>>> print(open('my_file26.pdb').read())   # PDB, C-alpha atoms
ATOM      1  CA  MET K 795     102.188  65.880  77.539  1.00  0.00           C
ATOM      2  CA  ASP K 796     103.159  66.524  81.174  1.00  0.00           C
ATOM      3  CA  ILE K 797     101.560  69.522  82.858  1.00  0.00           C
ATOM      4  CA  LEU K 798     104.459  71.850  83.703  1.00  0.00           C
ATOM      5  CA  LEU K 799     102.637  75.033  84.747  1.00  0.00           C
ATOM      6  CA  PRO K 800     100.074  75.697  87.477  1.00  0.00           C
ATOM      7  CA  PHE K 801      96.564  75.997  86.079  1.00  0.00           C
ATOM      8  CA  LEU K 802      92.916  76.696  86.845  1.00  0.00           C
ATOM      9  CA  ASN K 803      90.079  74.335  85.964  1.00  0.00           C
ATOM     10  CA  ILE K 804      87.173  76.724  85.400  1.00  0.00           C
ATOM     11  CA  VAL K 805      83.459  75.840  85.505  1.00  0.00           C
ATOM     12  CA  GLY K 806      80.780  78.476  84.926  1.00  0.00           C
ATOM     13  CA  PRO K 807      77.343  78.706  86.585  1.00  0.00           C
ATOM     14  CA  ASP K 808      75.785  77.301  83.388  1.00  0.00           C
ATOM     15  CA  GLY K 809      78.256  74.423  83.076  1.00  0.00           C
ATOM     16  CA  ARG K 810      80.760  75.972  80.665  1.00  0.00           C
ATOM     17  CA  GLN K 811      84.225  74.481  81.295  1.00  0.00           C
ATOM     18  CA  PHE K 812      87.759  75.403  80.253  1.00  0.00           C
ATOM     19  CA  GLN K 813      91.307  75.371  81.597  1.00  0.00           C
ATOM     20  CA  MET K 814      93.810  78.235  81.865  1.00  0.00           C
ATOM     21  CA  ASP K 815      97.540  77.849  82.470  1.00  0.00           C
ATOM     22  CA  LEU K 816      99.022  80.444  84.820  1.00  0.00           C
ATOM     23  CA  GLU K 817     101.882  81.644  82.647  1.00  0.00           C
ATOM     24  CA  LYS K 818     102.476  84.989  84.418  1.00  0.00           C
ATOM     25  CA  ASP K 819     103.196  85.962  88.014  1.00  0.00           C
ATOM     26  CA  THR K 820     100.146  88.253  88.113  1.00  0.00           C
ATOM     27  CA  VAL K 821      96.885  87.062  86.536  1.00  0.00           C
ATOM     28  CA  THR K 822      93.808  89.291  86.528  1.00  0.00           C
ATOM     29  CA  ILE K 823      90.271  87.866  86.589  1.00  0.00           C
ATOM     30  CA  GLY K 824      87.151  89.831  85.646  1.00  0.00           C
ATOM     31  CA  ARG K 825      84.208  90.199  83.284  1.00  0.00           C
ATOM     32  CA  PHE K 826      85.737  91.596  80.068  1.00  0.00           C
ATOM     33  CA  ASP K 827      88.605  90.042  78.146  1.00  0.00           C
ATOM     34  CA  GLN K 828      89.794  93.534  77.090  1.00  0.00           C
ATOM     35  CA  PHE K 829      90.851  94.227  80.670  1.00  0.00           C
ATOM     36  CA  ASN K 830      91.643  90.814  82.151  1.00  0.00           C
ATOM     37  CA  ASP K 831      93.829  87.769  81.581  1.00  0.00           C
ATOM     38  CA  ILE K 832      90.877  85.503  82.399  1.00  0.00           C
ATOM     39  CA  ALA K 833      87.408  86.694  81.355  1.00  0.00           C
ATOM     40  CA  LEU K 834      84.359  85.173  83.049  1.00  0.00           C
ATOM     41  CA  SER K 835      81.655  85.615  80.463  1.00  0.00           C
ATOM     42  CA  PRO K 836      78.868  85.741  79.634  1.00  0.00           C
ATOM     43  CA  ASP K 837      77.716  87.758  82.632  1.00  0.00           C
ATOM     44  CA  PRO K 838      74.375  89.267  81.528  1.00  0.00           C
ATOM     45  CA  GLN K 839      73.441  90.275  85.086  1.00  0.00           C
ATOM     46  CA  GLN K 840      76.693  92.242  85.474  1.00  0.00           C
ATOM     47  CA  LEU K 841      77.677  90.639  88.775  1.00  0.00           C
ATOM     48  CA  ILE K 842      81.418  90.446  88.040  1.00  0.00           C
ATOM     49  CA  THR K 843      83.679  93.502  88.072  1.00  0.00           C
ATOM     50  CA  ARG K 844      84.595  94.733  84.585  1.00  0.00           C
ATOM     51  CA  LYS K 845      88.230  95.571  85.392  1.00  0.00           C
ATOM     52  CA  VAL K 846      89.960  93.148  87.753  1.00  0.00           C
ATOM     53  CA  HIS K 847      87.460  91.490  90.052  1.00  0.00           C
ATOM     54  CA  CYS K 848      90.424  89.727  91.694  1.00  0.00           C
ATOM     55  CA  THR K 849      94.021  88.779  90.975  1.00  0.00           C
ATOM     56  CA  LEU K 850      96.206  85.728  91.377  1.00  0.00           C
ATOM     57  CA  GLU K 851      99.757  86.663  92.330  1.00  0.00           C
ATOM     58  CA  HIS K 852     102.817  84.435  92.564  1.00  0.00           C
ATOM     59  CA  GLY K 853     105.522  85.129  95.137  1.00  0.00           C
ATOM     60  CA  LEU K 854     108.379  83.344  96.822  1.00  0.00           C
ATOM     61  CA  TYR K 855     106.071  81.163  98.877  1.00  0.00           C
ATOM     62  CA  GLY K 856     103.220  80.313  96.546  1.00  0.00           C
ATOM     63  CA  TRP K 857     100.136  81.862  94.987  1.00  0.00           C
ATOM     64  CA  TRP K 858      97.934  84.534  96.544  1.00  0.00           C
ATOM     65  CA  ILE K 859      94.310  85.317  95.713  1.00  0.00           C
ATOM     66  CA  VAL K 860      93.496  89.009  96.276  1.00  0.00           C
ATOM     67  CA  ASP K 861      90.031  90.543  95.925  1.00  0.00           C
ATOM     68  CA  ASN K 862      90.205  93.972  94.285  1.00  0.00           C
ATOM     69  CA  GLY K 863      87.452  95.639  96.297  1.00  0.00           C
ATOM     70  CA  SER K 864      84.721  93.993  94.212  1.00  0.00           C
ATOM     71  CA  VAL K 865      81.021  94.637  94.971  1.00  0.00           C
ATOM     72  CA  ASN K 866      80.103  90.936  95.176  1.00  0.00           C
ATOM     73  CA  ARG K 867      83.393  89.804  96.734  1.00  0.00           C
ATOM     74  CA  THR K 868      85.560  86.768  96.008  1.00  0.00           C
ATOM     75  CA  PHE K 869      85.372  83.493  97.931  1.00  0.00           C
ATOM     76  CA  VAL K 870      87.542  80.406  98.357  1.00  0.00           C
ATOM     77  CA  LEU K 871      86.095  76.918  98.816  1.00  0.00           C
ATOM     78  CA  CYS K 872      88.352  74.673 100.916  1.00  0.00           C
ATOM     79  CA  GLY K 873      86.624  71.343 101.511  1.00  0.00           C
ATOM     80  CA  ASN K 874      83.199  72.343 102.821  1.00  0.00           C
ATOM     81  CA  ASP K 875      84.421  75.663 104.201  1.00  0.00           C
ATOM     82  CA  VAL K 876      83.707  78.852 102.211  1.00  0.00           C
ATOM     83  CA  GLN K 877      85.786  81.921 103.112  1.00  0.00           C
ATOM     84  CA  VAL K 878      85.575  85.529 101.980  1.00  0.00           C
ATOM     85  CA  VAL K 879      88.906  86.476 100.410  1.00  0.00           C
ATOM     86  CA  GLN K 880      90.846  89.240 102.153  1.00  0.00           C
ATOM     87  CA  GLY K 881      94.238  88.294 100.762  1.00  0.00           C
ATOM     88  CA  ARG K 882      95.209  84.674 101.372  1.00  0.00           C
ATOM     89  CA  THR K 883      97.395  81.935  99.969  1.00  0.00           C
ATOM     90  CA  LEU K 884      95.807  79.468  97.571  1.00  0.00           C
ATOM     91  CA  SER K 885      96.512  75.779  98.114  1.00  0.00           C
ATOM     92  CA  GLU K 886      96.321  72.748  95.837  1.00  0.00           C
ATOM     93  CA  GLY K 887      92.716  71.779  95.063  1.00  0.00           C
ATOM     94  CA  GLU K 888      91.097  74.906  96.512  1.00  0.00           C
ATOM     95  CA  SER K 889      88.474  76.655  94.378  1.00  0.00           C
ATOM     96  CA  ILE K 890      87.975  80.378  93.850  1.00  0.00           C
ATOM     97  CA  ARG K 891      84.252  81.218  93.777  1.00  0.00           C
ATOM     98  CA  ILE K 892      82.851  84.296  92.015  1.00  0.00           C
ATOM     99  CA  LEU K 893      79.130  85.043  91.789  1.00  0.00           C
ATOM    100  CA  GLY K 894      78.035  84.746  88.154  1.00  0.00           C
ATOM    101  CA  LYS K 895      74.271  84.291  88.221  1.00  0.00           C
ATOM    102  CA  LEU K 896      71.154  84.841  90.319  1.00  0.00           C
ATOM    103  CA  SER K 897      68.023  82.817  89.576  1.00  0.00           C
ATOM    104  CA  GLU K 898      64.513  84.313  89.666  1.00  0.00           C
ATOM    105  CA  THR K 899      64.253  83.144  93.281  1.00  0.00           C
ATOM    106  CA  GLY K 900      67.617  84.665  94.170  1.00  0.00           C
ATOM    107  CA  LYS K 901      69.570  81.401  94.249  1.00  0.00           C
ATOM    108  CA  PRO K 902      73.247  82.132  93.490  1.00  0.00           C
ATOM    109  CA  GLY K 903      75.283  80.422  90.812  1.00  0.00           C
ATOM    110  CA  TYR K 904      79.062  80.651  90.886  1.00  0.00           C
ATOM    111  CA  TRP K 905      82.077  80.443  88.668  1.00  0.00           C
ATOM    112  CA  GLU K 906      84.459  77.950  90.261  1.00  0.00           C
ATOM    113  CA  LEU K 907      88.163  78.173  89.428  1.00  0.00           C
ATOM    114  CA  THR K 908      90.011  75.213  90.940  1.00  0.00           C
ATOM    115  CA  PHE K 909      93.736  75.731  91.470  1.00  0.00           C
ATOM    116  CA  SER K 910      96.301  73.020  90.760  1.00  0.00           C
ATOM    117  CA  ASP K 911     100.095  73.186  90.801  1.00  0.00           C
ATOM    118  CA  PRO K 912     101.390  69.598  90.968  1.00  0.00           C
ATOM    119  CA  LEU K 913     104.993  70.621  90.201  1.00  0.00           C
ATOM    120  CA  GLY K 914     105.124  73.718  92.417  1.00  0.00           C
ATOM    121  CA  THR K 915     108.347  74.484  94.297  1.00  0.00           C
ATOM    122  CA  ARG K 916     108.208  73.836  98.045  1.00  0.00           C
ATOM    123  CA  PRO K 917     109.681  76.437 100.448  1.00  0.00           C
ATOM    124  CA  SER K 918     112.656  75.381 102.559  1.00  0.00           C
ATOM    125  CA  GLY K 919     112.041  77.843 105.394  1.00  0.00           C
ATOM    126  CA  PRO K 920     109.780  80.558 106.806  1.00  0.00           C
ATOM    127  CA  PRO K 921     108.613  83.469 104.618  1.00  0.00           C
ATOM    128  CA  LEU K 922     110.576  86.690 104.425  1.00  0.00           C
ATOM    129  CA  GLN K 923     109.594  89.646 106.576  1.00  0.00           C
ATOM    130  CA  VAL K 924     106.698  91.633 105.137  1.00  0.00           C
ATOM    131  CA  ALA K 925     107.330  95.203 103.961  1.00  0.00           C
ATOM    132  CA  TYR K 926     104.558  97.776 103.617  1.00  0.00           C
ATOM    133  CA  LEU K 927     103.600 101.433 104.083  1.00  0.00           C
ATOM    134  CA  GLU K 928     101.731 103.033 106.974  1.00  0.00           C
ATOM    135  CA  TYR K 929      99.961 106.400 106.725  1.00  0.00           C
ATOM    136  CA  ASP K 930      99.134 108.501 109.799  1.00  0.00           C
ATOM    137  CA  TRP K 931      95.994 110.437 108.858  1.00  0.00           C
ATOM    138  CA  ILE K 932      96.060 112.753 111.889  1.00  0.00           C
ATOM    139  CA  GLN K 933      99.632 113.942 111.436  1.00  0.00           C
ATOM    140  CA  ALA K 934      99.733 113.357 107.654  1.00  0.00           C
ATOM    141  CA  ARG K 935     102.917 111.300 107.870  1.00  0.00           C
ATOM    142  CA  LEU K 936     103.951 108.304 105.787  1.00  0.00           C
ATOM    143  CA  TYR K 937     106.184 105.495 107.065  1.00  0.00           C
ATOM    144  CA  ARG K 938     107.913 102.572 105.358  1.00  0.00           C
ATOM    145  CA  ILE K 939     107.834  99.394 107.478  1.00  0.00           C
ATOM    146  CA  GLU K 940     110.373  96.635 106.819  1.00  0.00           C
ATOM    147  CA  GLY K 941     110.443  94.046 109.590  1.00  0.00           C
ATOM    148  CA  PRO K 942     111.381  95.907 112.800  1.00  0.00           C
ATOM    149  CA  ARG K 943     112.464  99.052 110.903  1.00  0.00           C
ATOM    150  CA  ARG K 944     110.109 102.055 110.645  1.00  0.00           C
ATOM    151  CA  GLN K 945     111.288 104.962 108.494  1.00  0.00           C
ATOM    152  CA  GLU K 946     109.375 108.183 107.822  1.00  0.00           C
ATOM    153  CA  ILE K 947     109.083 109.293 104.173  1.00  0.00           C
ATOM    154  CA  ARG K 948     109.516 113.057 104.260  1.00  0.00           C
ATOM    155  CA  GLU K 949     108.874 116.048 101.976  1.00  0.00           C
ATOM    156  CA  LEU K 950     105.726 114.800 100.259  1.00  0.00           C
ATOM    157  CA  ARG K 951     103.964 117.254  97.950  1.00  0.00           C
ATOM    158  CA  PRO K 952     100.219 118.003  98.464  1.00  0.00           C
ATOM    159  CA  GLN K 953      99.313 115.915  95.379  1.00  0.00           C
ATOM    160  CA  GLU K 954     101.327 112.991  96.756  1.00  0.00           C
ATOM    161  CA  HIS K 955      99.467 113.201 100.065  1.00  0.00           C
ATOM    162  CA  LYS K 956      96.143 113.172  98.194  1.00  0.00           C
ATOM    163  CA  LEU K 957      97.159 110.103  96.198  1.00  0.00           C
ATOM    164  CA  ILE K 958      98.434 108.227  99.273  1.00  0.00           C
ATOM    165  CA  ARG K 959      95.305 109.086 101.299  1.00  0.00           C
ATOM    166  CA  TYR K 960      92.969 107.937  98.550  1.00  0.00           C
ATOM    167  CA  MET K 961      94.778 104.637  97.918  1.00  0.00           C
ATOM    168  CA  GLU K 962      95.137 103.924 101.655  1.00  0.00           C
ATOM    169  CA  GLN K 963      91.403 104.551 102.146  1.00  0.00           C
ATOM    170  CA  ARG K 964      90.552 102.096  99.341  1.00  0.00           C
ATOM    171  CA  ASN K 965      92.751  99.480 101.000  1.00  0.00           C
ATOM    172  CA  TRP K 966      91.173 100.090 104.414  1.00  0.00           C
ATOM    173  CA  ALA K 967      87.663  99.680 102.961  1.00  0.00           C
ATOM    174  CA  ASN K 968      88.821  96.353 101.477  1.00  0.00           C
ATOM    175  CA  GLY K 969      89.875  94.882 104.825  1.00  0.00           C
ATOM    176  CA  ASN K 970      93.425  96.281 104.590  1.00  0.00           C
ATOM    177  CA  VAL K 971      94.066  94.267 101.442  1.00  0.00           C
ATOM    178  CA  PRO K 972      95.745  96.346  98.684  1.00  0.00           C
ATOM    179  CA  VAL K 973      93.362  97.422  95.905  1.00  0.00           C
ATOM    180  CA  MET K 974      94.157  98.345  92.317  1.00  0.00           C
ATOM    181  CA  CYS K 975      93.194 102.005  91.692  1.00  0.00           C
ATOM    182  CA  SER K 976      92.532 102.940  88.073  1.00  0.00           C
ATOM    183  CA  TYR K 977      94.047 105.934  86.284  1.00  0.00           C
ATOM    184  CA  GLU K 978      90.615 107.583  86.230  1.00  0.00           C
ATOM    185  CA  GLU K 979      90.151 107.169  89.987  1.00  0.00           C
ATOM    186  CA  LEU K 980      93.539 108.673  90.756  1.00  0.00           C
ATOM    187  CA  LEU K 981      93.016 111.625  88.435  1.00  0.00           C
ATOM    188  CA  ALA K 982      89.762 112.445  90.224  1.00  0.00           C
ATOM    189  CA  ALA K 983      91.274 111.899  93.686  1.00  0.00           C
ATOM    190  CA  VAL K 984      94.313 114.105  93.083  1.00  0.00           C
ATOM    191  CA  TRP K 985      93.050 116.854  90.768  1.00  0.00           C
ATOM    192  CA  GLY K 986      89.275 116.745  91.173  1.00  0.00           C
ATOM    193  CA  GLU K 987      87.449 118.589  88.392  1.00  0.00           C
ATOM    194  CA  GLU K 988      90.592 119.965  86.723  1.00  0.00           C
ATOM    195  CA  ALA K 989      89.791 118.284  83.403  1.00  0.00           C
ATOM    196  CA  TYR K 990      93.045 119.140  81.638  1.00  0.00           C
ATOM    197  CA  HIS K 991      95.035 116.550  83.602  1.00  0.00           C
ATOM    198  CA  THR K 992      95.738 113.214  81.884  1.00  0.00           C
ATOM    199  CA  GLU K 993      97.027 109.707  82.550  1.00  0.00           C
ATOM    200  CA  GLY K 994     100.505 111.087  81.932  1.00  0.00           C
ATOM    201  CA  ASP K 995     100.118 113.263  85.038  1.00  0.00           C
ATOM    202  CA  ASP K 996      99.312 110.127  87.029  1.00  0.00           C
ATOM    203  CA  ASN K 997     102.417 108.407  85.695  1.00  0.00           C
ATOM    204  CA  HIS K 998     104.659 111.390  86.456  1.00  0.00           C
ATOM    205  CA  LEU K 999     103.290 111.706  89.990  1.00  0.00           C
ATOM    206  CA  ILE K1000     103.781 107.983  90.592  1.00  0.00           C
ATOM    207  CA  TRP K1001     107.373 108.126  89.367  1.00  0.00           C
ATOM    208  CA  GLU K1002     108.234 111.091  91.592  1.00  0.00           C
ATOM    209  CA  LEU K1003     106.635 109.361  94.573  1.00  0.00           C
ATOM    210  CA  ARG K1004     108.453 106.102  93.866  1.00  0.00           C
ATOM    211  CA  LYS K1005     111.780 107.924  94.062  1.00  0.00           C
ATOM    212  CA  LYS K1006     110.890 108.784  97.671  1.00  0.00           C
ATOM    213  CA  LEU K1007     109.284 105.458  98.639  1.00  0.00           C
ATOM    214  CA  GLU K1008     111.278 102.771  96.891  1.00  0.00           C
ATOM    215  CA  PRO K1009     114.852 101.600  97.495  1.00  0.00           C
ATOM    216  CA  ASP K1010     114.878 100.955  93.728  1.00  0.00           C
ATOM    217  CA  PRO K1011     112.187 102.970  91.846  1.00  0.00           C
ATOM    218  CA  LYS K1012     112.607 100.754  88.769  1.00  0.00           C
ATOM    219  CA  ALA K1013     111.683  97.665  90.820  1.00  0.00           C
ATOM    220  CA  PRO K1014     108.814  98.965  92.970  1.00  0.00           C
ATOM    221  CA  ARG K1015     107.735  97.027  96.058  1.00  0.00           C
ATOM    222  CA  PHE K1016     105.361  99.522  97.659  1.00  0.00           C
ATOM    223  CA  LEU K1017     103.679 101.312  94.734  1.00  0.00           C
ATOM    224  CA  GLU K1018     103.009  98.617  92.168  1.00  0.00           C
ATOM    225  CA  THR K1019     101.892  98.888  88.555  1.00  0.00           C
ATOM    226  CA  VAL K1020      98.897  96.821  87.448  1.00  0.00           C
ATOM    227  CA  ARG K1021      99.626  96.534  83.743  1.00  0.00           C
ATOM    228  CA  GLY K1022      97.398  98.747  81.589  1.00  0.00           C
ATOM    229  CA  LEU K1023      94.958  99.448  84.433  1.00  0.00           C
ATOM    230  CA  GLY K1024      96.437 101.503  87.247  1.00  0.00           C
ATOM    231  CA  TYR K1025      98.431 101.201  90.457  1.00  0.00           C
ATOM    232  CA  ARG K1026      98.290  99.533  93.861  1.00  0.00           C
ATOM    233  CA  LEU K1027      99.749 100.793  97.151  1.00  0.00           C
ATOM    234  CA  ILE K1028     100.983  98.230  99.675  1.00  0.00           C
ATOM    235  CA  THR K1029      99.797  99.656 103.013  1.00  0.00           C
ATOM    236  CA  ALA K1030      99.175  96.495 105.037  1.00  0.00           C
ATOM    237  CA  PRO K1031     100.827  93.095 105.452  1.00  0.00           C
ATOM    238  CA  ARG K1032      99.621  90.480 102.973  1.00  0.00           C
ATOM    239  CA  ALA K1033     101.058  87.556 104.856  1.00  0.00           C
ATOM    240  CA  LYS K1034      98.459  85.796 107.004  1.00  0.00           C
ATOM    241  CA  GLU K1035      98.202  82.310 108.430  1.00  0.00           C
ATOM    242  CA  GLU K1036      96.728  79.789 106.064  1.00  0.00           C
ATOM    243  CA  ALA K1037      93.235  78.644 106.920  1.00  0.00           C
TER     244      ALA K1037
END
>>> encode(input="my_file26.pdb", output="structure tokens")
Amino acid sequence: MDILLPFLNIVGPDGRQFQMDLEKDTVTIGRFDQFNDIALSPDPQQLITRKVHCTLEHGLYGWWIVDNGSVNRTFVLCGNDVQVVQGRTLSEGESIRILGKLSETGKPGYWELTFSDPLGTRPSGPPLQVAYLEYDWIQARLYRIEGPRRQEIRELRPQEHKLIRYMEQRNWANGNVPVMCSYEELLAAVWGEEAYHTEGDDNHLIWELRKKLEPDPKAPRFLETVRGLGYRLITAPRAKEEA
């Protein structure tokens, strides 16, 4: 049968091999299958993030690999060149590398996930202008950037400022690459030790904020949902030159 979908050939540090078709536009990769589309297990040394070590995301101009602020990072092997992922496109034959084992002498062993998309659609022109948010910490102002346009988002509530500040700080610590923030993280960031708040409060706050941020709140571009896990704020351009 012809291979119609893009796929990953996956080889573990102990030689385990399998293949995964990329059937969705967002594919999460991590340690546990309860939280991820692709589970890299076993991982007895707990080197891989439990919830979303990294994600593969499909857009108009190909596939992106995005590290989700993981402790041990995500790498891409292109020929003999190994690069730390800070949000980059993934090309045919390149391999994602994720630390999966350390020997007694400290020698690393990696999971290698080699990307292939032989029938992928080729772009006919340059990518679209990048849209993202910018937060001014000193003046506590939020701006929406779309190409040359810069528009201030006004009348934010205190809880919305707390959420934006926390998510922007996570992105900044990850090299200005957007990070998925879990429901638990956002509850703590916005309401602190007020234990009576729930995931529903997160969802309500996100919806109210989307109505201010998004041209279409039902099709969010700036405050994205990561299915079943949390949310991600787009506060820096993802588009970078390919290595």
>>> resolve_selection(input="my_file26.pdb", expression="the PyMOL selection byres ((chain K and resi 983) around 12)", output="ChimeraX atom specification")
/K:952-964,975-982,984-988,991,996
>>> residues_near_point(input="my_file26.pdb", point="(71.7, 83.8, 88.8)", cutoff="12 Å", atoms="all atoms listed in the file", output="JSON, numbers by chain")
{"K": [806, 807, 808, 836, 837, 838, 839, 840, 841, 842, 892, 893, 894, 895, 896, 897, 898, 899, 900, 901, 902, 903, 904, 905]}
>>> atom_distance(input="my_file26.pdb", atom1="CA of Asn970 (chain K)", atom2="CA of Gly1024 (chain K)")
18.4 Å
>>> resolve_selection(input="my_file26.pdb", expression="the PyMOL selection byres ((chain K and resi 928) around 8)", output="PDB file with C-alpha atoms, keeping the file's coordinate frame")
ATOM      1  CA  TYR K 926     104.558  97.776 103.617  1.00  0.00           C
ATOM      2  CA  LEU K 927     103.600 101.433 104.083  1.00  0.00           C
ATOM      3  CA  TYR K 929      99.961 106.400 106.725  1.00  0.00           C
ATOM      4  CA  ASP K 930      99.134 108.501 109.799  1.00  0.00           C
ATOM      5  CA  LEU K 936     103.951 108.304 105.787  1.00  0.00           C
ATOM      6  CA  TYR K 937     106.184 105.495 107.065  1.00  0.00           C
ATOM      7  CA  ARG K 938     107.913 102.572 105.358  1.00  0.00           C
ATOM      8  CA  ILE K 939     107.834  99.394 107.478  1.00  0.00           C
ATOM      9  CA  THR K1029      99.797  99.656 103.013  1.00  0.00           C
ATOM     10  CA  ALA K1030      99.175  96.495 105.037  1.00  0.00           C
TER      11      ALA K1030
END
>>> residues_near_point(input="my_file26.pdb", point="(104.9, 85.7, 91.3)", cutoff="12 Å", atoms="only C-alpha atoms", output="number ranges by chain")
K: 800, 816-821, 849-859
>>> closest_residue(input="my_file26.pdb", among="K:Phe869, K:Phe801, K:Tyr1025, K:Phe1016", to="Thr908 (chain K)", atoms="all atoms listed in the file")
K:Phe801
>>> closest_residue(input="my_file26.pdb", among="K:Leu907, K:Ile804, K:Val879, K:Ile1000", to="Asn968 (chain K)", atoms="all atoms listed in the file")
K:Val879
>>> atom_distance(input="my_file26.pdb", atom1="CA of Thr868 (chain K)", atom2="CA of Arg891 (chain K)")
6.1 Å
>>> closest_residue(input="my_file26.pdb", among="K:Val865, K:Leu999, K:Val924, K:Leu834", to="Ala967 (chain K)", atoms="all atoms listed in the file")
K:Val865
>>> atom_distance(input="my_file26.pdb", atom1="CA of Met814 (chain K)", atom2="CA of Ile832 (chain K)")
7.9 Å
>>> resolve_selection(input="my_file26.pdb", expression="the PyMOL selection byres ((chain K and resi 1021) around 10)", output="list in words")
Thr820, Thr822, Phe829, Asn830, Glu1018, Thr1019, Val1020, Gly1022, Leu1023, Gly1024 and Tyr1025 of chain K
>>> axis_aligned_box(input="my_file26.pdb", around="region 813-821 of chain K", padding_each_side="6 Å", output="JSON")
{"center_x": 97.3, "center_y": 81.8, "center_z": 84.9, "size_x": 23.9, "size_y": 24.9, "size_z": 18.5}
>>> closest_residue(input="my_file26.pdb", among="K:Asp827, K:Glu940, K:Asp911, K:Asp1010", to="Leu884 (chain K)", atoms="all atoms listed in the file")
K:Asp911
>>> closest_residue(input="my_file26.pdb", among="K:Ala1013, K:Ile932, K:Gly914, K:Ser889", to="Ile797 (chain K)", atoms="only C-alpha atoms")
K:Gly914
>>> decode(input="my_file26.pdb", residues="region 930-989 of chain K", atoms="C-alpha atoms", output="PDB file, in the first residue's frame")
ATOM      1  CA  ASP K 930       4.964  45.309  28.090  1.00  0.00           C
ATOM      2  CA  TRP K 931       5.851  44.357  31.668  1.00  0.00           C
ATOM      3  CA  ILE K 932       6.724  47.896  32.791  1.00  0.00           C
ATOM      4  CA  GLN K 933       3.490  49.513  31.652  1.00  0.00           C
ATOM      5  CA  ALA K 934       1.379  46.330  31.916  1.00  0.00           C
ATOM      6  CA  ARG K 935       0.075  46.677  28.367  1.00  0.00           C
ATOM      7  CA  LEU K 936      -0.738  43.949  25.862  1.00  0.00           C
ATOM      8  CA  TYR K 937      -0.449  44.375  22.087  1.00  0.00           C
ATOM      9  CA  ARG K 938      -1.551  42.239  19.143  1.00  0.00           C
ATOM     10  CA  ILE K 939       1.005  42.245  16.302  1.00  0.00           C
ATOM     11  CA  GLU K 940      -0.100  41.314  12.781  1.00  0.00           C
ATOM     12  CA  GLY K 941       2.515  42.178  10.172  1.00  0.00           C
ATOM     13  CA  PRO K 942       3.060  45.959  10.383  1.00  0.00           C
ATOM     14  CA  ARG K 943      -0.054  46.494  12.546  1.00  0.00           C
ATOM     15  CA  ARG K 944       0.279  46.910  16.334  1.00  0.00           C
ATOM     16  CA  GLN K 945      -2.962  47.164  18.309  1.00  0.00           C
ATOM     17  CA  GLU K 946      -3.272  47.538  22.084  1.00  0.00           C
ATOM     18  CA  ILE K 947      -5.684  45.164  23.866  1.00  0.00           C
ATOM     19  CA  ARG K 948      -7.393  47.297  26.491  1.00  0.00           C
ATOM     20  CA  GLU K 949      -9.471  46.793  29.654  1.00  0.00           C
ATOM     21  CA  LEU K 950      -7.810  43.630  30.940  1.00  0.00           C
ATOM     22  CA  ARG K 951      -8.910  42.408  34.369  1.00  0.00           C
ATOM     23  CA  PRO K 952      -6.268  41.751  37.096  1.00  0.00           C
ATOM     24  CA  GLN K 953      -6.673  37.963  36.665  1.00  0.00           C
ATOM     25  CA  GLU K 954      -6.127  38.323  32.913  1.00  0.00           C
ATOM     26  CA  HIS K 955      -2.922  40.277  33.516  1.00  0.00           C
ATOM     27  CA  LYS K 956      -1.703  37.543  35.879  1.00  0.00           C
ATOM     28  CA  LEU K 957      -2.422  34.838  33.310  1.00  0.00           C
ATOM     29  CA  ILE K 958      -0.746  36.759  30.464  1.00  0.00           C
ATOM     30  CA  ARG K 959       2.327  37.562  32.594  1.00  0.00           C
ATOM     31  CA  TYR K 960       2.762  33.961  33.679  1.00  0.00           C
ATOM     32  CA  MET K 961       2.393  32.498  30.174  1.00  0.00           C
ATOM     33  CA  GLU K 962       4.657  35.167  28.640  1.00  0.00           C
ATOM     34  CA  GLN K 963       7.325  34.435  31.271  1.00  0.00           C
ATOM     35  CA  ARG K 964       7.191  30.699  30.466  1.00  0.00           C
ATOM     36  CA  ASN K 965       7.658  31.504  26.783  1.00  0.00           C
ATOM     37  CA  TRP K 966      10.573  33.850  27.502  1.00  0.00           C
ATOM     38  CA  ALA K 967      12.321  31.175  29.598  1.00  0.00           C
ATOM     39  CA  ASN K 968      11.908  28.791  26.639  1.00  0.00           C
ATOM     40  CA  GLY K 969      13.746  31.042  24.182  1.00  0.00           C
ATOM     41  CA  ASN K 970      10.576  32.925  23.171  1.00  0.00           C
ATOM     42  CA  VAL K 971       9.021  29.717  21.879  1.00  0.00           C
ATOM     43  CA  PRO K 972       5.386  29.276  23.038  1.00  0.00           C
ATOM     44  CA  VAL K 973       4.974  26.757  25.874  1.00  0.00           C
ATOM     45  CA  MET K 974       1.909  24.750  26.844  1.00  0.00           C
ATOM     46  CA  CYS K 975       0.792  25.746  30.376  1.00  0.00           C
ATOM     47  CA  SER K 976      -1.275  23.165  32.240  1.00  0.00           C
ATOM     48  CA  TYR K 977      -4.569  23.872  34.005  1.00  0.00           C
ATOM     49  CA  GLU K 978      -2.835  23.349  37.355  1.00  0.00           C
ATOM     50  CA  GLU K 979      -0.098  25.870  36.543  1.00  0.00           C
ATOM     51  CA  LEU K 980      -2.594  28.520  35.505  1.00  0.00           C
ATOM     52  CA  LEU K 981      -4.761  28.015  38.574  1.00  0.00           C
ATOM     53  CA  ALA K 982      -1.727  28.567  40.799  1.00  0.00           C
ATOM     54  CA  ALA K 983      -0.500  31.549  38.755  1.00  0.00           C
ATOM     55  CA  VAL K 984      -3.845  33.360  38.751  1.00  0.00           C
ATOM     56  CA  TRP K 985      -5.412  32.473  42.109  1.00  0.00           C
ATOM     57  CA  GLY K 986      -2.482  31.286  44.215  1.00  0.00           C
ATOM     58  CA  GLU K 987      -3.583  29.367  47.309  1.00  0.00           C
ATOM     59  CA  GLU K 988      -7.319  29.973  46.820  1.00  0.00           C
ATOM     60  CA  ALA K 989      -8.096  26.249  46.687  1.00  0.00           C
TER      61      ALA K 989
END
